[in-house]
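Enquirer: For reference, the file entry.cif (mmCIF, C-alpha atoms (C1' of nucleotides)) is included below:
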data_data
#
loop_
_atom_site.label_atom_id
_atom_site.label_comp_id
_atom_site.auth_asym_id
_atom_site.auth_seq_id
_atom_site.Cartn_x
_atom_site.Cartn_y
_atom_site.Cartn_z
CA MET A 1 -10.77 -30.68 -20.22
CA PRO A 2 -10.70 -27.05 -21.25
CA ASP A 3 -7.59 -25.51 -19.77
CA ASP A 4 -8.96 -22.07 -20.50
CA GLN A 5 -11.91 -22.73 -18.22
CA SER A 6 -9.61 -23.58 -15.33
CA GLN A 7 -7.55 -20.43 -15.90
CA ARG A 8 -10.65 -18.28 -15.80
CA ARG A 9 -11.83 -19.97 -12.64
CA MET A 10 -8.52 -19.43 -10.87
CA PHE A 11 -8.50 -15.83 -12.07
CA ALA A 12 -11.97 -15.36 -10.60
CA ILE A 13 -10.86 -16.96 -7.33
CA PHE A 14 -7.92 -14.59 -6.99
CA ASN A 15 -10.20 -11.72 -7.83
CA GLU A 16 -12.58 -12.64 -5.00
CA VAL A 17 -9.66 -13.22 -2.67
CA GLY A 18 -8.36 -9.73 -3.41
CA ILE A 19 -11.72 -8.11 -2.75
CA ILE A 20 -12.25 -10.07 0.48
CA ALA A 21 -8.75 -9.18 1.67
CA GLN A 22 -9.55 -5.52 1.09
CA LEU A 23 -12.98 -5.62 2.74
CA SER A 24 -11.85 -7.66 5.74
CA ARG A 25 -8.86 -5.40 6.23
CA ALA A 26 -11.15 -2.37 6.28
CA MET A 27 -13.42 -4.17 8.77
CA PHE A 28 -10.48 -4.91 11.04
CA GLU A 29 -8.97 -1.46 10.85
CA ALA A 30 -12.32 0.12 11.74
CA ARG A 31 -11.96 -1.57 15.17
CA LEU A 32 -8.32 -0.61 15.72
CA PRO A 33 -7.25 2.70 17.29
CA GLU A 34 -7.03 5.68 14.94
CA GLY A 35 -3.98 5.40 12.71
CA VAL A 36 -3.22 1.79 13.63
CA LEU A 37 -3.27 -0.45 10.59
CA LEU A 38 -3.58 -4.17 10.06
CA PRO A 39 0.16 -4.85 9.69
CA HIS A 40 0.81 -3.28 13.10
CA PHE A 41 -1.78 -5.47 14.73
CA SER A 42 -0.65 -8.53 12.78
CA LEU A 43 2.90 -8.15 14.05
CA ILE A 44 1.82 -8.07 17.69
CA ASN A 45 -0.63 -10.90 17.14
CA HIS A 46 2.03 -13.03 15.48
CA LEU A 47 4.50 -12.44 18.31
CA MET A 48 1.86 -13.61 20.79
CA ARG A 49 0.57 -16.57 18.79
CA VAL A 50 3.96 -17.93 17.78
CA ARG A 51 6.43 -16.38 20.23
CA ASP A 52 8.40 -13.20 20.65
CA GLY A 53 12.17 -12.82 20.54
CA GLN A 54 12.28 -13.47 16.80
CA THR A 55 14.49 -11.42 14.51
CA PRO A 56 13.11 -8.81 12.09
CA LEU A 57 14.22 -10.89 9.11
CA VAL A 58 12.38 -13.97 10.32
CA LEU A 59 9.29 -11.83 10.82
CA ALA A 60 9.65 -10.31 7.36
CA ARG A 61 9.68 -13.81 5.88
CA ALA A 62 6.70 -14.88 7.96
CA PHE A 63 4.70 -11.94 6.60
CA GLN A 64 6.07 -12.17 3.07
CA VAL A 65 7.19 -8.54 3.07
CA PRO A 66 10.60 -7.01 2.25
CA LYS A 67 12.83 -6.53 5.26
CA THR A 68 12.69 -2.75 4.84
CA THR A 69 8.94 -2.90 5.23
CA MET A 70 9.31 -4.97 8.40
CA THR A 71 11.80 -2.45 9.77
CA HIS A 72 9.16 0.22 9.33
CA ILE A 73 6.32 -1.82 10.84
CA ILE A 74 8.46 -2.65 13.87
CA SER A 75 9.45 0.99 14.30
CA VAL A 76 5.78 1.93 14.52
CA ALA A 77 5.20 -0.77 17.14
CA VAL A 78 8.21 0.52 19.09
CA LYS A 79 6.83 4.06 18.91
CA HIS A 80 3.56 2.80 20.43
CA GLY A 81 5.50 0.97 23.13
CA TRP A 82 4.15 -2.43 22.07
CA VAL A 83 7.52 -4.07 21.40
CA GLU A 84 11.16 -3.57 22.33
CA LEU A 85 14.27 -4.34 20.32
CA HIS A 86 17.14 -6.15 22.00
CA PRO A 87 20.49 -7.35 20.66
CA ASN A 88 20.61 -10.90 19.37
CA PRO A 89 23.10 -12.73 21.61
CA LYS A 90 23.64 -15.29 18.87
CA ASP A 91 24.36 -12.82 16.04
CA GLY A 92 25.88 -9.38 16.36
CA ARG A 93 24.31 -8.19 13.10
CA SER A 94 20.87 -8.98 14.29
CA LYS A 95 18.21 -7.96 16.80
CA THR A 96 15.32 -9.61 18.57
CA VAL A 97 11.77 -8.29 18.94
CA TRP A 98 10.06 -8.62 22.34
CA LEU A 99 6.52 -7.85 23.39
CA THR A 100 5.83 -5.44 26.22
CA ASP A 101 2.88 -5.66 28.61
CA ALA A 102 1.34 -2.77 26.71
CA GLY A 103 1.70 -4.75 23.50
CA ARG A 104 -0.07 -7.75 25.01
CA ALA A 105 -2.82 -5.53 26.39
CA PHE A 106 -3.29 -3.84 23.01
CA ARG A 107 -3.63 -7.22 21.29
CA ASP A 108 -6.13 -8.57 23.83
CA ARG A 109 -8.26 -5.47 23.51
CA ALA A 110 -8.17 -5.58 19.72
CA ILE A 111 -9.16 -9.25 19.63
CA ALA A 112 -12.08 -8.54 21.94
CA ASP A 113 -13.21 -5.57 19.84
CA LEU A 114 -13.01 -7.66 16.67
CA GLY A 115 -15.06 -10.54 18.03
CA PRO A 116 -18.56 -9.28 17.22
CA ASP A 117 -17.61 -8.55 13.62
CA LEU A 118 -16.20 -12.04 13.23
CA THR A 119 -19.33 -13.57 14.69
CA HIS A 120 -21.50 -11.53 12.39
CA VAL A 121 -19.50 -12.47 9.32
CA ALA A 122 -19.53 -16.14 10.29
CA ASP A 123 -23.23 -16.07 9.45
CA ALA A 124 -22.28 -15.98 5.79
CA LEU A 125 -21.36 -19.67 5.82
CA SER A 126 -22.36 -22.87 7.55
CA VAL A 127 -19.77 -24.40 9.82
CA PRO A 128 -18.94 -27.18 7.32
CA ASP A 129 -18.59 -24.57 4.58
CA GLN A 130 -16.28 -22.54 6.81
CA GLU A 131 -14.17 -25.62 7.43
CA GLY A 132 -14.10 -26.52 3.76
CA LEU A 133 -13.19 -22.99 2.80
CA LEU A 134 -10.35 -22.85 5.30
CA THR A 135 -8.99 -26.21 4.16
CA ARG A 136 -8.96 -25.25 0.50
CA LEU A 137 -7.52 -21.82 1.13
CA THR A 138 -4.74 -23.43 3.10
CA ASP A 139 -4.05 -25.89 0.28
CA LEU A 140 -3.94 -23.05 -2.20
CA ARG A 141 -1.68 -20.95 0.01
CA ILE A 142 0.77 -23.80 0.47
CA HIS A 143 0.83 -24.38 -3.27
CA LEU A 144 1.49 -20.71 -3.98
CA ASP A 145 4.20 -20.66 -1.34
CA ARG A 146 5.95 -23.62 -2.94
CA ALA A 147 5.68 -22.08 -6.40
CA ARG A 148 7.29 -18.92 -5.06
CA ASP A 149 10.16 -20.83 -3.43
CA ALA A 150 10.88 -22.46 -6.78
CA ASP A 151 12.17 -19.12 -8.12
CA MET L 1 -22.08 -24.39 19.63
CA PRO L 2 -18.96 -22.57 20.75
CA ASP L 3 -19.09 -19.09 19.28
CA ASP L 4 -15.40 -18.68 20.08
CA GLN L 5 -14.58 -21.55 17.74
CA SER L 6 -16.37 -19.89 14.86
CA GLN L 7 -14.58 -16.59 15.50
CA ARG L 8 -11.22 -18.30 15.42
CA ARG L 9 -12.11 -20.08 12.20
CA MET L 10 -13.19 -16.89 10.47
CA PHE L 11 -10.05 -15.17 11.73
CA ALA L 12 -7.96 -17.98 10.24
CA ILE L 13 -9.88 -17.71 6.96
CA PHE L 14 -9.18 -13.99 6.68
CA ASN L 15 -5.57 -14.66 7.55
CA GLU L 16 -5.22 -17.15 4.68
CA VAL L 17 -7.09 -14.81 2.36
CA GLY L 18 -4.65 -12.02 3.19
CA ILE L 19 -1.62 -14.21 2.51
CA ILE L 20 -3.06 -15.54 -0.76
CA ALA L 21 -3.93 -12.02 -1.89
CA GLN L 22 -0.33 -10.99 -1.27
CA LEU L 23 1.22 -14.03 -2.96
CA SER L 24 -1.09 -13.96 -5.98
CA ARG L 25 -0.53 -10.25 -6.40
CA ALA L 26 3.23 -10.82 -6.43
CA MET L 27 2.75 -13.63 -8.97
CA PHE L 28 0.71 -11.35 -11.23
CA GLU L 29 3.03 -8.40 -10.96
CA ALA L 30 6.00 -10.58 -11.88
CA ARG L 31 4.39 -11.01 -15.32
CA LEU L 32 3.50 -7.35 -15.83
CA PRO L 33 5.93 -4.81 -17.33
CA GLU L 34 8.41 -3.25 -14.93
CA GLY L 35 6.70 -0.73 -12.66
CA VAL L 36 3.18 -1.77 -13.62
CA LEU L 37 1.21 -2.92 -10.62
CA LEU L 38 -1.93 -4.95 -10.15
CA PRO L 39 -4.32 -1.98 -9.75
CA HIS L 40 -3.20 -0.60 -13.13
CA PHE L 41 -3.90 -3.90 -14.83
CA SER L 42 -7.14 -4.36 -12.91
CA LEU L 43 -8.47 -1.03 -14.12
CA ILE L 44 -7.87 -1.88 -17.78
CA ASN L 45 -9.22 -5.40 -17.30
CA HIS L 46 -12.36 -4.06 -15.64
CA LEU L 47 -12.97 -1.55 -18.43
CA MET L 48 -12.75 -4.38 -20.96
CA ARG L 49 -14.77 -6.95 -19.01
CA VAL L 50 -17.58 -4.62 -17.98
CA ARG L 51 -17.35 -1.67 -20.39
CA ASP L 52 -15.48 1.59 -20.74
CA GLY L 53 -16.90 5.10 -20.59
CA GLN L 54 -17.54 4.82 -16.84
CA THR L 55 -16.78 7.71 -14.51
CA PRO L 56 -13.84 7.68 -12.05
CA LEU L 57 -16.23 7.64 -9.10
CA VAL L 58 -18.09 4.59 -10.38
CA LEU L 59 -14.74 2.87 -10.87
CA ALA L 60 -13.59 3.83 -7.38
CA ARG L 61 -16.71 2.20 -5.96
CA ALA L 62 -16.25 -0.90 -8.09
CA PHE L 63 -12.72 -1.33 -6.71
CA GLN L 64 -13.59 -0.29 -3.17
CA VAL L 65 -10.91 2.39 -3.08
CA PRO L 66 -11.15 6.10 -2.20
CA LYS L 67 -11.74 8.36 -5.17
CA THR L 68 -8.33 9.99 -4.68
CA THR L 69 -6.72 6.61 -5.15
CA MET L 70 -8.71 6.03 -8.33
CA THR L 71 -7.63 9.44 -9.65
CA HIS L 72 -4.04 8.33 -9.21
CA ILE L 73 -4.51 4.90 -10.80
CA ILE L 74 -6.23 6.47 -13.81
CA SER L 75 -3.47 9.05 -14.17
CA VAL L 76 -0.90 6.24 -14.43
CA ALA L 77 -3.01 4.51 -17.08
CA VAL L 78 -3.27 7.80 -18.98
CA LYS L 79 0.50 8.24 -18.79
CA HIS L 80 0.93 4.79 -20.35
CA GLY L 81 -1.57 5.69 -23.05
CA TRP L 82 -3.95 2.88 -22.06
CA VAL L 83 -6.97 5.09 -21.39
CA GLU L 84 -8.23 8.57 -22.26
CA LEU L 85 -10.37 10.92 -20.22
CA HIS L 86 -13.30 12.64 -21.90
CA PRO L 87 -15.91 15.03 -20.52
CA ASN L 88 -19.13 13.47 -19.30
CA PRO L 89 -21.86 14.86 -21.54
CA LYS L 90 -24.41 14.13 -18.81
CA ASP L 91 -22.57 15.87 -15.97
CA GLY L 92 -20.20 18.81 -16.23
CA ARG L 93 -18.44 17.94 -12.98
CA SER L 94 -17.58 14.50 -14.18
CA LYS L 95 -15.43 12.65 -16.71
CA THR L 96 -15.54 9.34 -18.53
CA VAL L 97 -12.71 6.83 -18.93
CA TRP L 98 -12.17 5.22 -22.34
CA LEU L 99 -9.82 2.47 -23.43
CA THR L 100 -7.35 3.04 -26.24
CA ASP L 101 -6.16 0.36 -28.67
CA ALA L 102 -2.89 0.33 -26.73
CA GLY L 103 -4.83 -0.35 -23.54
CA ARG L 104 -6.65 -3.29 -25.12
CA ALA L 105 -3.38 -4.65 -26.50
CA PHE L 106 -1.70 -4.32 -23.10
CA ARG L 107 -4.51 -6.25 -21.44
CA ASP L 108 -4.52 -9.05 -24.02
CA ARG L 109 -0.77 -9.46 -23.69
CA ALA L 110 -0.93 -9.49 -19.89
CA ILE L 111 -3.69 -12.12 -19.87
CA ALA L 112 -1.67 -14.31 -22.20
CA ASP L 113 1.48 -13.93 -20.09
CA LEU L 114 -0.46 -14.80 -16.94
CA GLY L 115 -2.00 -17.96 -18.36
CA PRO L 116 0.77 -20.44 -17.56
CA ASP L 117 0.93 -19.31 -13.94
CA LEU L 118 -2.83 -19.73 -13.58
CA THR L 119 -2.66 -23.19 -15.09
CA HIS L 120 0.15 -24.17 -12.78
CA VAL L 121 -1.66 -22.90 -9.71
CA ALA L 122 -4.86 -24.65 -10.74
CA ASP L 123 -3.04 -27.90 -9.95
CA ALA L 124 -3.44 -27.07 -6.27
CA LEU L 125 -7.13 -28.02 -6.34
CA SER L 126 -9.45 -30.40 -8.14
CA VAL L 127 -12.00 -28.79 -10.41
CA PRO L 128 -14.87 -29.43 -7.95
CA ASP L 129 -12.75 -27.94 -5.17
CA GLN L 130 -12.06 -24.90 -7.33
CA GLU L 131 -15.75 -24.49 -7.98
CA GLY L 132 -16.62 -24.92 -4.32
CA LEU L 133 -13.95 -22.46 -3.31
CA LEU L 134 -15.16 -19.85 -5.77
CA THR L 135 -18.77 -20.27 -4.68
CA ARG L 136 -17.98 -19.85 -1.00
CA LEU L 137 -15.64 -16.94 -1.55
CA THR L 138 -18.36 -15.22 -3.53
CA ASP L 139 -20.87 -15.85 -0.75
CA LEU L 140 -18.45 -14.42 1.78
CA ARG L 141 -17.66 -11.40 -0.37
CA ILE L 142 -21.33 -10.61 -0.86
CA HIS L 143 -21.91 -10.89 2.88
CA LEU L 144 -18.99 -8.57 3.65
CA ASP L 145 -20.22 -6.11 1.05
CA ARG L 146 -23.66 -6.01 2.61
CA ALA L 147 -22.21 -5.59 6.10
CA ARG L 148 -20.20 -2.64 4.81
CA ASP L 149 -23.21 -1.00 3.20
CA ALA L 150 -25.04 -1.23 6.52
CA ASP L 151 -22.75 1.47 7.95
"C1'" DA J 1 44.68 -16.19 10.66
"C1'" DC J 2 43.20 -13.93 6.24
"C1'" DT J 3 40.54 -12.92 2.65
"C1'" DA J 4 36.22 -13.33 0.04
"C1'" DT J 5 31.60 -13.77 0.17
"C1'" DA J 6 27.12 -13.78 2.38
"C1'" DT J 7 23.80 -11.94 5.60
"C1'" DA J 8 21.14 -8.51 9.07
"C1'" DG J 9 19.51 -4.25 9.56
"C1'" DT J 10 18.78 0.60 8.11
"C1'" DG J 11 18.96 5.21 5.42
"C1'" DC J 12 17.14 7.08 1.46
"C1'" DG J 13 14.17 8.03 -2.36
"C1'" DA J 14 10.19 6.73 -5.38
"C1'" DA J 15 5.63 5.27 -5.84
"C1'" DA J 16 1.07 3.98 -3.90
"C1'" DT J 17 -2.65 4.79 -0.75
"C1'" DC J 18 -5.76 7.69 1.41
"C1'" DG J 19 -7.77 11.60 4.42
"C1'" DT J 20 -8.73 16.59 4.17
"C1'" DA J 21 -9.83 20.52 1.89
"C1'" DC J 22 -10.85 22.95 -2.20
"C1'" DT J 23 -13.17 24.17 -6.88
"C1'" DA J 24 -16.67 23.49 -10.18
"C1'" DT J 25 -21.05 21.90 -11.25
"C1'" DA J 26 -25.60 19.91 -10.24
"C1'" DT J 27 -29.92 19.48 -7.66
"C1'" DA J 28 -33.56 20.80 -4.42
"C1'" DG J 29 -36.50 24.05 -1.99
"C1'" DG J 30 -38.70 28.17 -1.86
"C1'" DC K 1 -34.85 32.46 -10.59
"C1'" DC K 2 -31.99 32.12 -6.27
"C1'" DT K 3 -30.04 30.20 -2.67
"C1'" DA K 4 -28.58 26.11 -0.01
"C1'" DT K 5 -26.88 21.78 -0.18
"C1'" DA K 6 -24.81 17.79 -2.39
"C1'" DT K 7 -21.62 15.69 -5.57
"C1'" DA K 8 -17.32 14.88 -8.99
"C1'" DG K 9 -12.81 15.42 -9.40
"C1'" DT K 10 -8.21 16.99 -7.87
"C1'" DA K 11 -4.33 19.28 -5.17
"C1'" DC K 12 -1.81 18.46 -1.16
"C1'" DG K 13 0.34 16.22 2.65
"C1'" DA K 14 1.04 12.08 5.74
"C1'" DT K 15 1.90 7.30 5.92
"C1'" DT K 16 3.00 2.83 3.95
"C1'" DT K 17 5.45 -0.09 0.88
"C1'" DC K 18 9.55 -1.34 -1.21
"C1'" DG K 19 13.94 -1.29 -4.18
"C1'" DC K 20 18.80 0.09 -3.86
"C1'" DA K 21 22.82 0.88 -1.55
"C1'" DC K 22 25.50 1.04 2.55
"C1'" DT K 23 27.57 -0.57 7.16
"C1'" DA K 24 28.50 -4.08 10.41
"C1'" DT K 25 29.04 -8.74 11.39
"C1'" DA K 26 29.32 -13.69 10.27
"C1'" DT K 27 30.86 -17.69 7.57
"C1'" DA K 28 33.65 -20.28 4.21
"C1'" DG K 29 37.76 -21.38 1.78
"C1'" DT K 30 42.61 -21.43 1.85
#
What does this structure look like when you write it as structure tokens?
Expert:
Amino acid sequence: MPDDQSQRRMFAIFNEVGIIAQLSRAMFEARLPEGVLLPHFSLINHLMRVRDGQTPLVLARAFQVPKTTMTHIISVAVKHGWVELHPNPKDGRSKTVWLTDAGRAFRDRAIADLGPDLTHVADALSVPDQEGLLTRLTDLRIHLDRARDAD
Amino acid sequence: MPDDQSQRRMFAIFNEVGIIAQLSRAMFEARLPEGVLLPHFSLINHLMRVRDGQTPLVLARAFQVPKTTMTHIISVAVKHGWVELHPNPKDGRSKTVWLTDAGRAFRDRAIADLGPDLTHVADALSVPDQEGLLTRLTDLRIHLDRARDAD
DNA sequence: ACTATATAGTGCGAAATCGTACTATATAGG
DNA sequence: CCTATATAGTACGATTTCGCACTATATAGT
């Protein structure tokens, strides 16, 4: 079994993943308000999907970004009035991030605006292919995550 | 057929793609020299895989980045001595980007250093799953590309 | 309780990304 | 040939990302 072949295939996979990440990000951002970028939306979306009240550090880990980057992303969301920072009653060093009604409204609007694009793009693949793709991407992501933790 | 379901699935796919792009980029950059980032490597790799002598604008389109970004990426590669800029004999406004021996050596070394990581990560999926994944990602990328061109 | 170490968040500076505007050159229409 | 328009590249500034260092607070060991 040629190991070289497998390396090239994985390289090609990561190459496609990188291009798709870039194109899909551009597609998303085209539907967001001027100056609002994917990370800003992703933060609000995450707080709604999982739950708000999490600390910045937990959020930084969830998004795989340095904590300084998360500080900045949160500050933008605060400036827009989408989240509020409160003290963490369980840890004086820490804070908690809470959604506002405006934040929830912004997310709902963005999701609705994104819908048609997602529907259109879904045409690229059959439903079984979509499911297979998602399953394998998830496997790969988990594997990469574990490899990273092994540092 | 619930359209909503398909939207959620595509959203989840793009979410995984974004995370994998981030993790694989970090994995790559950990093997590159200090301060060298993925776009710098990608430029050199592209010039070797496809061919050098292309113009900055053509390269910007190939990487789906604004031409100002490509100017910057090329300037870093010039600073490292990996590429040289020459006039474009066919167009006085334009330039051409050529690899140096140092650039080729840098790319060969980087590929070799990346190999073990790629092999390790290939364990996440069977060979047929890798092939299926690559095929579907390519289909999706082509579809996104066409959707973008339709603007 | 006291000290040493670890952790949460942020200020700061460097680099990357990218939109706008500008210069130089090319192309098209008359 | 001359003018109008389009295109290639870059200078500049705003924003994002992120490493380093610092402060404040928590936790562990004695």
Enquirer: Give as a list in words the set of residues within 10 Å of the point (-7.3, -16.9, 6.2), where distances use the file's coordinates and all atoms listed in the file.
Expert: Val17, Ala21, Leu133, Leu134, Thr135, Leu137, Thr138 and Arg141 of chain A; Arg9, Met10, Phe11, Ala12, Ile13, Phe14, Asn15, Glu16, Val17, Gly18, Ile19 and Ile20 of chain L
Enquirer: I would like the residues chosen by the PyMOL selection byres ((chain K) within 9 of (chain A)) on the shown file; could you give them as a list in words?
Expert: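 For this structure, the PyMOL selection byres ((chain K) within 9 of (chain A)) resolves to DT16, DT17, DC18, DA24, DT25 and DA26 of chain K.
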Enquirer: Find the residues around His46 of chain A up to 10 Å (all atoms listed in the file counted), leave out those fewer than 6 positions away in its own chain, and share them as a ChimeraX atom specification.
Expert: /A:52,59,62-63,107
Enquirer: For the structure provided, state which residues fall under the PyMOL selection byres ((chain A and resi 117-130) around 9), and present them as a CSV table (one decimal) with C-alpha atoms, in the frame of the given file.
Expert:
chain,number,residue,atom,x,y,z
A,27,MET,CA,-13.4,-4.2,8.8
A,28,PHE,CA,-10.5,-4.9,11.0
A,113,ASP,CA,-13.2,-5.6,19.8
A,114,LEU,CA,-13.0,-7.7,16.7
A,115,GLY,CA,-15.1,-10.5,18.0
A,116,PRO,CA,-18.6,-9.3,17.2
A,131,GLU,CA,-14.2,-25.6,7.4
A,132,GLY,CA,-14.1,-26.5,3.8
A,133,LEU,CA,-13.2,-23.0,2.8
A,134,LEU,CA,-10.4,-22.8,5.3
A,135,THR,CA,-9.0,-26.2,4.2
L,3,ASP,CA,-19.1,-19.1,19.3
L,4,ASP,CA,-15.4,-18.7,20.1
L,6,SER,CA,-16.4,-19.9,14.9
L,7,GLN,CA,-14.6,-16.6,15.5
L,8,ARG,CA,-11.2,-18.3,15.4
L,9,ARG,CA,-12.1,-20.1,12.2
L,10,MET,CA,-13.2,-16.9,10.5
L,11,PHE,CA,-10.0,-15.2,11.7
L,13,ILE,CA,-9.9,-17.7,7.0
L,136,ARG,CA,-18.0,-19.8,-1.0
L,139,ASP,CA,-20.9,-15.8,-0.8
L,140,LEU,CA,-18.4,-14.4,1.8
L,141,ARG,CA,-17.7,-11.4,-0.4
L,142,ILE,CA,-21.3,-10.6,-0.9
L,143,HIS,CA,-21.9,-10.9,2.9
L,144,LEU,CA,-19.0,-8.6,3.6
L,147,ALA,CA,-22.2,-5.6,6.1
Enquirer: Starting from the shown file, work through the PyMOL selection byres ((chain L and resi 99) around 12) and note down what comes out as a ChimeraX atom specification.
Expert: /L:43-54,74,77-78,80-86,96-98,100-107
Enquirer: Residues of chain J that have any atom at most 12 Å from an atom of chain A: could you tabulate them with the shortest-distance atom pair and the distance in Å to one decimal, using only C-alpha atoms (C1' of nucleotides), ordered by chain and increasing number, as a Markdown table?
Expert:
| residue | atom | partner | partner_atom | distance |
| --- | --- | --- | --- | --- |
| J:DT7 | C1' | A:Arg93 | CA | 8.4 |
| J:DA8 | C1' | A:Arg93 | CA | 5.1 |
| J:DG9 | C1' | A:Ser94 | CA | 6.8 |
| J:DT10 | C1' | A:Thr68 | CA | 7.7 |
| J:DG11 | C1' | A:Thr68 | CA | 10.1 |
| J:DC12 | C1' | A:Thr68 | CA | 11.3 |
| J:DC18 | C1' | A:Gly35 | CA | 11.7 |
| J:DG19 | C1' | A:Gly35 | CA | 11.0 |
Enquirer: Between atom CA of Ser75 of chain L and atom C1' of DC22 of chain J, what is the spacing in Å?
Expert: 19.8 Å
Enquirer: Here is a test: counting all atoms listed in the file, which residue of L:Leu32, L:Val76, L:Leu38, L:Val58 is nearest to chain A?
Expert: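 Of L:Leu32, L:Val76, L:Leu38, L:Val58, the one nearest chain A is L:Leu38, counting all atoms listed in the file.
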